[in-house]
file final_21.txt (compact mmCIF, C-alpha atoms and all ligand atoms)
# COMPACT_ATOMS: atom_id res chain seq x y z
CA MET A 27 62.21 20.90 2.52
CA ILE A 28 62.09 17.24 3.58
CA THR A 29 60.49 16.08 6.81
CA ALA A 30 60.54 12.63 8.34
CA GLU A 31 58.20 12.06 11.27
CA HIS A 32 58.57 8.96 13.40
CA LEU A 33 59.56 6.86 10.39
CA THR A 34 59.74 3.21 11.35
CA ARG A 35 60.33 0.16 9.17
CA ARG A 36 60.30 -3.38 10.47
CA TYR A 37 61.43 -6.50 8.65
CA GLY A 38 59.97 -9.37 10.64
CA THR A 39 60.36 -8.39 14.26
CA ARG A 40 63.45 -6.22 13.65
CA ALA A 41 63.05 -2.45 13.33
CA VAL A 42 65.76 -1.45 10.83
CA VAL A 43 64.53 2.16 11.06
CA ASP A 44 63.09 3.04 14.41
CA ASP A 45 61.19 6.28 15.09
CA VAL A 46 63.35 8.51 12.89
CA SER A 47 62.37 12.20 12.72
CA PHE A 48 64.36 15.00 11.08
CA THR A 49 64.01 17.97 8.77
CA ALA A 50 66.24 18.88 5.82
CA ARG A 51 65.79 22.58 5.10
CA PRO A 52 66.04 24.67 1.93
CA GLY A 53 69.33 26.47 1.45
CA ARG A 54 71.12 23.81 3.50
CA VAL A 55 72.98 20.58 2.89
CA THR A 56 71.94 17.89 5.36
CA GLY A 57 74.39 15.02 5.78
CA PHE A 58 72.93 11.67 6.74
CA LEU A 59 75.50 9.50 8.49
CA GLY A 60 75.65 6.10 10.11
CA PRO A 61 77.63 2.84 10.04
CA ASN A 62 76.87 0.13 7.45
CA GLY A 63 73.37 -1.22 8.00
CA ALA A 64 72.32 1.74 10.19
CA GLY A 65 69.17 2.30 8.12
CA LYS A 66 70.17 5.28 5.93
CA SER A 67 69.13 3.80 2.58
CA THR A 68 65.89 2.42 4.01
CA THR A 69 65.05 5.87 5.41
CA MET A 70 65.81 7.56 2.09
CA ARG A 71 63.75 4.96 0.24
CA MET A 72 60.82 5.67 2.59
CA VAL A 73 61.16 9.42 1.92
CA CYS A 74 60.98 8.64 -1.82
CA ALA A 75 58.04 6.23 -1.37
CA LEU A 76 60.07 3.27 -2.64
CA THR A 77 59.71 1.47 0.68
CA THR A 78 56.49 1.67 2.69
CA PRO A 79 56.96 2.70 6.33
CA THR A 80 55.58 0.35 8.96
CA SER A 81 54.59 3.55 10.74
CA GLY A 82 55.39 7.23 10.57
CA SER A 83 55.47 9.43 7.49
CA ALA A 84 57.63 11.67 5.34
CA THR A 85 57.00 14.67 3.15
CA VAL A 86 58.96 16.40 0.42
CA LEU A 87 58.05 20.02 -0.31
CA GLY A 88 55.17 19.61 2.13
CA ARG A 89 53.58 16.54 0.53
CA PRO A 90 54.07 12.79 0.67
CA PHE A 91 56.31 11.87 -2.30
CA ARG A 92 53.49 9.97 -4.03
CA GLU A 93 51.31 13.09 -3.98
CA LEU A 94 53.82 15.36 -5.71
CA THR A 95 52.32 16.55 -8.98
CA ASN A 96 55.51 16.09 -11.02
CA PRO A 97 58.09 14.41 -8.77
CA GLY A 98 60.81 14.32 -11.46
CA ARG A 99 60.62 18.12 -11.79
CA GLN A 100 60.56 18.66 -8.03
CA VAL A 101 62.94 16.09 -6.56
CA GLY A 102 66.19 14.72 -7.97
CA VAL A 103 66.89 11.28 -6.61
CA LEU A 104 70.08 9.22 -6.80
CA LEU A 105 69.75 6.11 -4.68
CA ASP A 106 71.70 3.53 -6.65
CA ALA A 107 74.07 4.67 -9.37
CA SER A 108 74.34 1.10 -10.67
CA ALA A 109 70.60 0.81 -11.30
CA GLN A 110 70.85 2.33 -14.79
CA HIS A 111 69.88 0.24 -17.81
CA ALA A 112 73.19 -1.41 -18.77
CA GLY A 113 72.38 -1.61 -22.49
CA ARG A 114 71.55 2.08 -22.96
CA THR A 115 74.07 4.81 -23.53
CA GLY A 116 74.34 7.65 -21.07
CA ARG A 117 72.73 10.04 -23.54
CA GLU A 118 69.84 7.63 -24.26
CA THR A 119 69.22 7.20 -20.53
CA LEU A 120 68.93 10.94 -20.08
CA SER A 121 66.98 11.58 -23.31
CA LEU A 122 64.28 9.08 -22.34
CA SER A 123 63.87 10.67 -18.93
CA ALA A 124 63.93 14.19 -20.44
CA GLN A 125 61.02 13.21 -22.69
CA LEU A 126 59.08 11.76 -19.77
CA LEU A 127 59.69 14.91 -17.74
CA GLY A 128 58.75 17.20 -20.62
CA MET A 129 62.19 18.83 -20.67
CA ALA A 130 63.58 20.40 -23.85
CA PRO A 131 66.08 18.04 -25.58
CA ASP A 132 68.96 20.49 -25.11
CA ARG A 133 68.64 19.99 -21.35
CA VAL A 134 70.37 16.62 -21.87
CA GLU A 135 73.47 18.28 -23.34
CA THR A 136 73.42 20.85 -20.54
CA VAL A 137 73.47 18.27 -17.75
CA LEU A 138 75.99 16.02 -19.56
CA ASP A 139 78.27 18.99 -19.87
CA PHE A 140 77.62 20.01 -16.25
CA VAL A 141 78.57 16.61 -14.82
CA GLY A 142 81.64 16.36 -17.05
CA LEU A 143 80.68 13.36 -19.20
CA THR A 144 82.35 13.79 -22.60
CA ALA A 145 80.53 13.26 -25.92
CA ARG A 146 82.42 9.96 -26.31
CA GLU A 147 81.42 8.77 -22.83
CA ALA A 148 77.80 9.81 -23.40
CA LYS A 149 77.76 7.59 -26.51
CA ALA A 150 79.01 4.50 -24.60
CA ARG A 151 76.67 1.94 -23.04
CA THR A 152 76.45 2.37 -19.29
CA ARG A 153 77.66 -1.21 -18.72
CA THR A 154 81.11 0.05 -19.72
CA TYR A 155 81.01 2.93 -17.20
CA SER A 156 83.24 3.09 -14.14
CA LEU A 157 81.51 3.69 -10.79
CA GLY A 158 82.57 7.35 -10.91
CA MET A 159 81.02 7.76 -14.38
CA ARG A 160 77.82 6.09 -13.15
CA GLN A 161 77.69 8.57 -10.28
CA ARG A 162 78.11 11.47 -12.68
CA LEU A 163 75.35 10.08 -14.91
CA GLY A 164 73.18 9.49 -11.82
CA LEU A 165 73.67 13.08 -10.73
CA ALA A 166 72.92 14.31 -14.28
CA HIS A 167 69.71 12.28 -14.08
CA ALA A 168 68.83 13.77 -10.70
CA LEU A 169 69.41 17.31 -11.98
CA LEU A 170 67.63 16.80 -15.30
CA GLY A 171 64.24 18.14 -14.19
CA GLU A 172 65.73 21.24 -12.48
CA PRO A 173 64.44 20.06 -9.08
CA GLU A 174 64.30 22.02 -5.82
CA VAL A 175 65.30 19.02 -3.72
CA LEU A 176 68.13 16.50 -4.11
CA ILE A 177 68.14 13.15 -2.31
CA LEU A 178 71.45 11.39 -2.85
CA ASP A 179 72.64 8.10 -1.36
CA GLU A 180 76.45 7.97 -1.30
CA PRO A 181 76.91 10.24 -4.35
CA ALA A 182 80.67 10.53 -3.88
CA ASN A 183 81.27 6.74 -3.96
CA GLY A 184 83.73 5.90 -6.71
CA LEU A 185 84.65 9.51 -7.48
CA ASP A 186 88.31 10.47 -7.59
CA PRO A 187 89.56 13.34 -5.37
CA ALA A 188 88.87 15.95 -8.06
CA GLY A 189 85.39 14.44 -8.55
CA ILE A 190 84.70 14.55 -4.81
CA ARG A 191 85.63 18.21 -4.66
CA TRP A 192 83.52 18.88 -7.75
CA MET A 193 80.53 17.11 -6.14
CA ARG A 194 80.98 19.21 -3.00
CA ASP A 195 80.91 22.42 -5.07
CA VAL A 196 77.81 21.25 -6.98
CA LEU A 197 75.91 20.51 -3.76
CA ARG A 198 77.03 23.76 -2.13
CA SER A 199 75.89 25.87 -5.08
CA PHE A 200 72.62 23.96 -5.30
CA ALA A 201 71.87 24.72 -1.65
CA ASP A 202 73.13 28.31 -1.92
CA ALA A 203 70.58 28.81 -4.71
CA GLY A 204 67.85 27.81 -2.23
CA GLY A 205 67.71 24.05 -2.89
CA THR A 206 67.41 21.33 -0.27
CA VAL A 207 70.06 18.59 -0.25
CA LEU A 208 69.88 15.36 1.75
CA LEU A 209 72.93 13.19 1.22
CA SER A 210 74.20 10.08 2.88
CA SER A 211 77.93 9.49 2.88
CA HIS A 212 80.67 7.48 4.51
CA LEU A 213 83.17 10.23 3.77
CA LEU A 214 83.05 12.11 7.05
CA ARG A 215 85.53 14.80 6.02
CA GLU A 216 83.51 15.47 2.91
CA VAL A 217 80.32 15.77 4.91
CA GLU A 218 82.07 18.05 7.37
CA ALA A 219 83.27 20.21 4.47
CA VAL A 220 79.89 20.57 2.79
CA ALA A 221 77.06 19.87 5.26
CA ASP A 222 75.29 22.57 7.24
CA ASP A 223 73.31 20.04 9.28
CA VAL A 224 73.90 16.39 10.10
CA VAL A 225 71.70 13.53 11.18
CA ILE A 226 73.55 10.52 12.63
CA ILE A 227 71.78 7.19 12.92
CA GLY A 228 72.86 3.85 14.33
CA GLY A 229 70.88 0.65 14.75
CA GLY A 230 67.95 2.40 13.04
CA ARG A 231 67.68 5.17 15.65
CA ILE A 232 68.72 8.82 15.59
CA LEU A 233 71.82 9.26 17.72
CA ALA A 234 72.53 12.95 17.12
CA GLN A 235 71.28 15.73 14.91
CA GLY A 236 71.75 19.46 14.55
CA SER A 237 73.81 22.03 12.78
CA VAL A 238 77.46 21.17 12.21
CA VAL A 239 78.47 24.39 13.95
CA GLU A 240 76.48 23.48 17.08
CA LEU A 241 77.41 19.81 17.14
CA LEU A 242 81.10 20.42 16.65
CA ALA A 243 81.39 23.41 18.96
CA ALA A 244 84.03 22.86 21.63
CA PRO A 245 84.96 25.17 24.50
CA GLY A 246 87.89 27.56 24.20
CA SER A 247 89.99 28.70 21.31
CA THR A 248 93.34 28.34 19.58
CA ALA A 249 95.55 31.27 18.68
CA ARG A 250 98.81 31.91 16.86
CA SER A 251 100.73 35.02 17.62
CA THR A 252 104.07 36.77 17.35
CA ASP A 253 104.95 35.44 20.84
CA ASP A 254 102.98 32.33 21.82
CA ALA A 255 104.87 31.84 25.11
CA ALA A 256 104.04 35.40 26.24
CA LEU A 257 100.40 34.96 25.17
CA ALA A 258 100.14 31.66 27.11
CA ARG A 259 101.59 33.37 30.22
CA ALA A 260 99.11 36.26 29.94
CA LEU A 261 96.20 33.81 29.58
CA ALA A 262 97.37 31.70 32.56
CA ALA A 263 97.83 34.85 34.68
CA ALA A 264 94.19 35.75 33.92
CA GLY A 265 93.10 32.31 35.20
CA HIS A 266 92.60 30.49 31.87
CA GLU A 267 94.07 27.15 30.93
CA ALA A 268 96.67 27.76 28.23
CA ALA A 269 99.32 25.64 26.57
CA ALA A 270 101.70 26.77 23.84
CA SER A 271 102.89 24.25 21.27
CA GLY A 272 104.06 24.33 17.66
CA GLU A 273 100.35 24.49 16.78
CA GLY A 274 99.84 27.80 18.63
CA VAL A 275 98.23 28.40 22.02
CA ARG A 276 95.27 26.21 22.93
CA THR A 277 93.26 27.75 25.73
CA SER A 278 90.00 27.55 27.63
CA ALA A 279 89.49 31.30 26.98
CA SER A 280 87.05 32.47 24.29
CA PRO A 281 88.42 34.18 21.15
CA GLU A 282 87.25 37.53 22.51
CA GLN A 283 89.07 37.02 25.83
CA VAL A 284 92.24 35.98 23.96
CA ALA A 285 92.08 39.09 21.77
CA HIS A 286 91.73 41.44 24.79
CA LEU A 287 94.53 39.77 26.76
CA ALA A 288 96.85 39.74 23.74
CA VAL A 289 96.42 43.49 23.26
CA ALA A 290 97.11 44.10 26.95
CA ALA A 291 100.23 41.90 26.76
CA GLY A 292 101.48 43.66 23.63
CA VAL A 293 101.33 40.43 21.58
CA VAL A 294 100.05 40.49 17.99
CA VAL A 295 97.58 37.68 17.23
CA THR A 296 98.02 36.32 13.70
CA ASP A 297 95.32 33.61 13.78
CA LEU A 298 92.47 33.09 16.23
CA ARG A 299 89.63 30.59 16.07
CA ALA A 300 87.07 28.95 18.34
CA ASN A 301 87.90 25.30 19.00
CA THR A 302 85.88 22.69 17.15
CA ALA A 303 85.66 18.94 17.42
CA ALA A 304 86.09 16.81 14.31
CA LEU A 305 82.98 15.24 12.81
CA GLU A 306 84.91 11.97 12.77
CA ASP A 307 85.23 12.05 16.59
CA LEU A 308 81.55 12.92 17.03
CA PHE A 309 80.64 10.09 14.65
CA PHE A 310 82.71 7.47 16.46
CA ASP A 311 81.61 8.68 19.89
CA THR A 312 77.91 8.58 19.02
CA THR A 313 77.97 5.34 17.03
CA ALA A 314 80.32 3.41 19.35
CA GLN A 315 77.41 1.33 20.64
CA HIS A 316 76.14 0.70 17.12
CA GLY A 317 78.88 -0.91 15.05
CA ARG A 318 78.15 -2.42 11.70
CA GLU A 319 74.94 -4.46 11.75
CA GLU A 320 75.64 -8.15 11.40
CA ILE A 321 73.46 -10.38 9.29
CA SER A 322 71.69 -12.77 11.64
CA ALA A 323 72.26 -16.45 10.83
N1 LIG A 401 64.21 -5.74 2.08
C1 LIG A 401 64.82 -6.02 3.24
N2 LIG A 401 64.54 -7.13 3.95
C2 LIG A 401 65.16 -7.39 5.12
N3 LIG A 401 66.09 -6.59 5.68
C3 LIG A 401 66.42 -5.48 5.01
C4 LIG A 401 65.81 -5.11 3.77
N4 LIG A 401 66.34 -3.93 3.35
C5 LIG A 401 67.24 -3.57 4.29
N5 LIG A 401 67.29 -4.49 5.28
C6 LIG A 401 68.16 -4.44 6.46
O1 LIG A 401 67.97 -3.19 7.06
C7 LIG A 401 69.17 -2.76 7.67
C8 LIG A 401 69.44 -1.34 7.23
O2 LIG A 401 69.81 -1.36 5.85
P1 LIG A 401 70.13 -0.02 5.05
O3 LIG A 401 70.52 -0.45 3.66
O4 LIG A 401 69.03 0.93 5.20
O5 LIG A 401 71.40 0.52 5.83
P2 LIG A 401 72.45 1.65 5.40
O6 LIG A 401 72.62 2.51 6.61
O7 LIG A 401 72.03 2.30 4.14
O8 LIG A 401 73.75 0.79 5.17
P3 LIG A 401 75.00 1.03 4.18
O9 LIG A 401 75.80 2.14 4.76
O10 LIG A 401 75.72 -0.28 4.27
O11 LIG A 401 74.47 1.31 2.81
C9 LIG A 401 70.26 -3.75 7.27
O12 LIG A 401 70.49 -4.61 8.35
C10 LIG A 401 69.64 -4.48 6.11
O13 LIG A 401 70.11 -5.81 6.06

call {"tool": "encode", "arguments": {"input": "final_21.txt", "output": "structure tokens", "more": "lines below"}}
Ligand SMILES: Nc1ncnc2c1ncn2[C@@H]1O[C@H](COP(=O)(O)OP(=O)(O)OP(=O)(O)O)[C@@H](O)[C@H]1O
result
Amino acid sequence: MITAEHLTRRYGTRAVVDDVSFTARPGRVTGFLGPNGAGKSTTMRMVCALTTPTSGSATVLGRPFRELTNPGRQVGVLLDASAQHAGRTGRETLSLSAQLLGMAPDRVETVLDFVGLTAREAKARTRTYSLGMRQRLGLAHALLGEPEVLILDEPANGLDPAGIRWMRDVLRSFADAGGTVLLSSHLLREVEAVADDVVIIGGGRILAQGSVVELLAAPGSTARSTDDAALARALAAAGHEAAASGEGVRTSASPEQVAHLAVAAGVVVTDLRANTAALEDLFFDTTAQHGREEISA
């Protein structure tokens, strides 16, 4: 569990994070979204006690980060995949941390294997790594101490499509096993595919938050059937809006109403789902007033 309560950070007179409160719960992936400069990294840094809030507070597993007894064993953090020591090999980077965390040496091989870094890659200095390899090493580092919580800033940056899908599966299984995941990302479709909850910020302020199911719920449903024209007529006759197209019948009726009317009309429904909005549309609608922050001259 991660909680942020009224987190605020000012630089000079400008609040780059302004009264941000949210909770990331165990068993769920929480996506943290916002345009460039919205304040995502600053918020995550405050949660991890790397930046001091001007006001407000944050806890991880019920305590301020600094008061965790063994933070490396409780929280896996990946804030900047390029921050690794360029002259060390991937394996050395992990071995040093494993020693500090009191992990058995074979844990290093386990996480290297898990993130898909080969023995040859693990032997190379990290300065030779591609961004995708750095992300994999960063995730290995975050997972090293078998934490309950993962805090990841743009973990999918630089990954190829297979890597992005792999990352999604890793985060899903981590949350399904009871872990808490907070991840920021610019890849809205990825967040939509993996996140249970989202927090959207712009200009340092929370613009929307809630479960993906709630936030993306839209009225009505869409159905495919053995006779879409007949289904659309039956829906219209019952007073619902209904339009048949190559994509099926889009209607203001609920899935249950569609199912009943289809049976009565003798039409077999082959696909029926509640309408949803796309996260991309929600993102652009909510952040329209808060484009990318410009650096003041
Ligand atoms: N140390 C600092 N001093 C002054 N301003 C800062 C400092 N750190 C961050 N900022 C400013 O705070 C704002 C928010 O930055 P932050 O990195 O948190 O945004 P972000 O949402 O993570 O952006 P991105 O998506 O581009 O990574 C930016 O305008 C940035 O310039």

call {"tool": "residues_near_ligand", "arguments": {"input": "final_21.txt", "ligand": "ligand LIG 401 (chain A)", "cutoff": "6 Å", "atoms": "all atoms listed in the file", "output": "list of chain:residue names"}}
result
A:Tyr37, A:Val42, A:Gly60, A:Pro61, A:Asn62, A:Gly63, A:Ala64, A:Gly65, A:Lys66, A:Ser67, A:Thr68, A:Glu319

call {"tool": "closest_atom_pairs", "arguments": {"input": "final_21.txt", "of": "region 181-252 of chain A", "to": "region 152-156 of chain A", "cutoff": "12 Å", "atoms": "only C-alpha atoms", "output": "tab-separated table"}}
result
residue	atom	partner	partner_atom	distance
A:Asn183	CA	A:Ser156	CA	11.0
A:Gly184	CA	A:Ser156	CA	8.0
A:Leu185	CA	A:Ser156	CA	9.4
A:Asp186	CA	A:Ser156	CA	11.1

call {"tool": "atom_distance", "arguments": {"input": "final_21.txt", "atom1": "CA of Phe91 (chain A)", "atom2": "CA of Leu76 (chain A)"}}
result
9.4 Å

call {"tool": "atom_distance", "arguments": {"input": "final_21.txt", "atom1": "CA of Phe58 (chain A)", "atom2": "CA of His167 (chain A)"}}
result
21.1 Å

call {"tool": "residues_around", "arguments": {"input": "final_21.txt", "residues": "region 118-122 of chain A", "least_positions_apart": "5", "cutoff": "10 Å", "atoms": "all atoms listed in the file", "output": "list of chain:residue names"}}
result
A:Gln110, A:His111, A:Ala112, A:Gly113, A:Leu127, A:Gly128, A:Met129, A:Ala130, A:Pro131, A:Asp132, A:Arg133, A:Val134, A:Glu135, A:Val137, A:Leu138, A:Ala148, A:Lys149, A:Ala150, A:Arg151, A:Thr152, A:Leu163, A:Gly164, A:Ala166, A:His167, A:Ala168, A:Leu170

call {"tool": "closest_residue", "arguments": {"input": "final_21.txt", "among": "A:Leu257, A:Val238, A:Ala221, A:Cys74", "to": "Gly102 (chain A)", "atoms": "all atoms listed in the file"}}
result
A:Cys74

call {"tool": "closest_residue", "arguments": {"input": "final_21.txt", "among": "A:Leu308, A:Ala263, A:Val141, A:Leu176", "to": "Met70 (chain A)", "atoms": "only C-alpha atoms"}}
result
A:Leu176

call {"tool": "closest_residue", "arguments": {"input": "final_21.txt", "among": "A:Arg117, A:Arg299, A:Arg36, A:Arg54", "to": "Leu209 (chain A)", "atoms": "all atoms listed in the file"}}
result
A:Arg54

call {"tool": "closest_residue", "arguments": {"input": "final_21.txt", "among": "A:Val239, A:Thr78, A:Thr248, A:Leu213", "to": "Ser271 (chain A)", "atoms": "only C-alpha atoms"}}
result
A:Thr248

call {"tool": "decode", "arguments": {"input": "final_21.txt", "residues": "region 209-260 of chain A", "atoms": "C-alpha atoms", "output": "JSON list (two decimals), in the first residue's frame"}}
result
[["chain", "number", "residue", "atom", "x", "y", "z"],
["A", 209, "LEU", "CA", 3.97, 2.95, -12.31],
["A", 210, "SER", "CA", 4.20, 6.08, -14.37],
["A", 211, "SER", "CA", 4.03, 5.72, -18.12],
["A", 212, "HIS", "CA", 3.47, 7.65, -21.32],
["A", 213, "LEU", "CA", 2.19, 4.51, -23.01],
["A", 214, "LEU", "CA", -1.53, 4.94, -22.47],
["A", 215, "ARG", "CA", -2.53, 1.69, -24.16],
["A", 216, "GLU", "CA", -0.10, -0.18, -21.98],
["A", 217, "VAL", "CA", -1.48, 1.44, -18.86],
["A", 218, "GLU", "CA", -5.00, 0.68, -20.01],
["A", 219, "ALA", "CA", -4.01, -2.96, -20.56],
["A", 220, "VAL", "CA", -2.39, -3.47, -17.17],
["A", 221, "ALA", "CA", -3.63, -0.87, -14.66],
["A", 222, "ASP", "CA", -6.54, -1.46, -12.29],
["A", 223, "ASP", "CA", -6.51, 2.14, -11.07],
["A", 224, "VAL", "CA", -5.21, 5.35, -12.60],
["A", 225, "VAL", "CA", -4.18, 8.71, -11.22],
["A", 226, "ILE", "CA", -3.92, 11.50, -13.81],
["A", 227, "ILE", "CA", -2.04, 14.68, -12.96],
["A", 228, "GLY", "CA", -1.46, 17.89, -14.89],
["A", 229, "GLY", "CA", 0.27, 21.08, -13.79],
["A", 230, "GLY", "CA", 1.06, 19.36, -10.49],
["A", 231, "ARG", "CA", -2.59, 18.75, -9.57],
["A", 232, "ILE", "CA", -4.73, 15.62, -9.63],
["A", 233, "LEU", "CA", -7.13, 15.82, -12.56],
["A", 234, "ALA", "CA", -8.81, 12.42, -12.28],
["A", 235, "GLN", "CA", -8.41, 9.23, -10.32],
["A", 236, "GLY", "CA", -10.28, 5.99, -9.81],
["A", 237, "SER", "CA", -10.55, 2.49, -11.11],
["A", 238, "VAL", "CA", -10.08, 2.04, -14.85],
["A", 239, "VAL", "CA", -13.45, 0.29, -15.03],
["A", 240, "GLU", "CA", -15.24, 3.25, -13.40],
["A", 241, "LEU", "CA", -13.34, 5.97, -15.24],
["A", 242, "LEU", "CA", -13.77, 4.39, -18.64],
["A", 243, "ALA", "CA", -17.38, 3.31, -18.20],
["A", 244, "ALA", "CA", -19.60, 4.71, -20.94],
["A", 245, "PRO", "CA", -23.37, 4.35, -21.31],
["A", 246, "GLY", "CA", -24.86, 1.65, -23.51],
["A", 247, "SER", "CA", -23.42, -1.38, -25.20],
["A", 248, "THR", "CA", -22.26, -2.82, -28.50],
["A", 249, "ALA", "CA", -23.47, -6.13, -29.87],
["A", 250, "ARG", "CA", -22.77, -8.41, -32.81],
["A", 251, "SER", "CA", -25.40, -10.83, -33.88],
["A", 252, "THR", "CA", -26.61, -13.10, -36.67],
["A", 253, "ASP", "CA", -28.83, -10.23, -37.92],
["A", 254, "ASP", "CA", -27.61, -6.79, -36.84],
["A", 255, "ALA", "CA", -30.28, -4.92, -38.84],
["A", 256, "ALA", "CA", -33.09, -6.88, -37.15],
["A", 257, "LEU", "CA", -31.49, -6.35, -33.73],
["A", 258, "ALA", "CA", -31.17, -2.58, -34.36],
["A", 259, "ARG", "CA", -34.87, -2.45, -35.38],
["A", 260, "ALA", "CA", -35.93, -4.33, -32.24]]
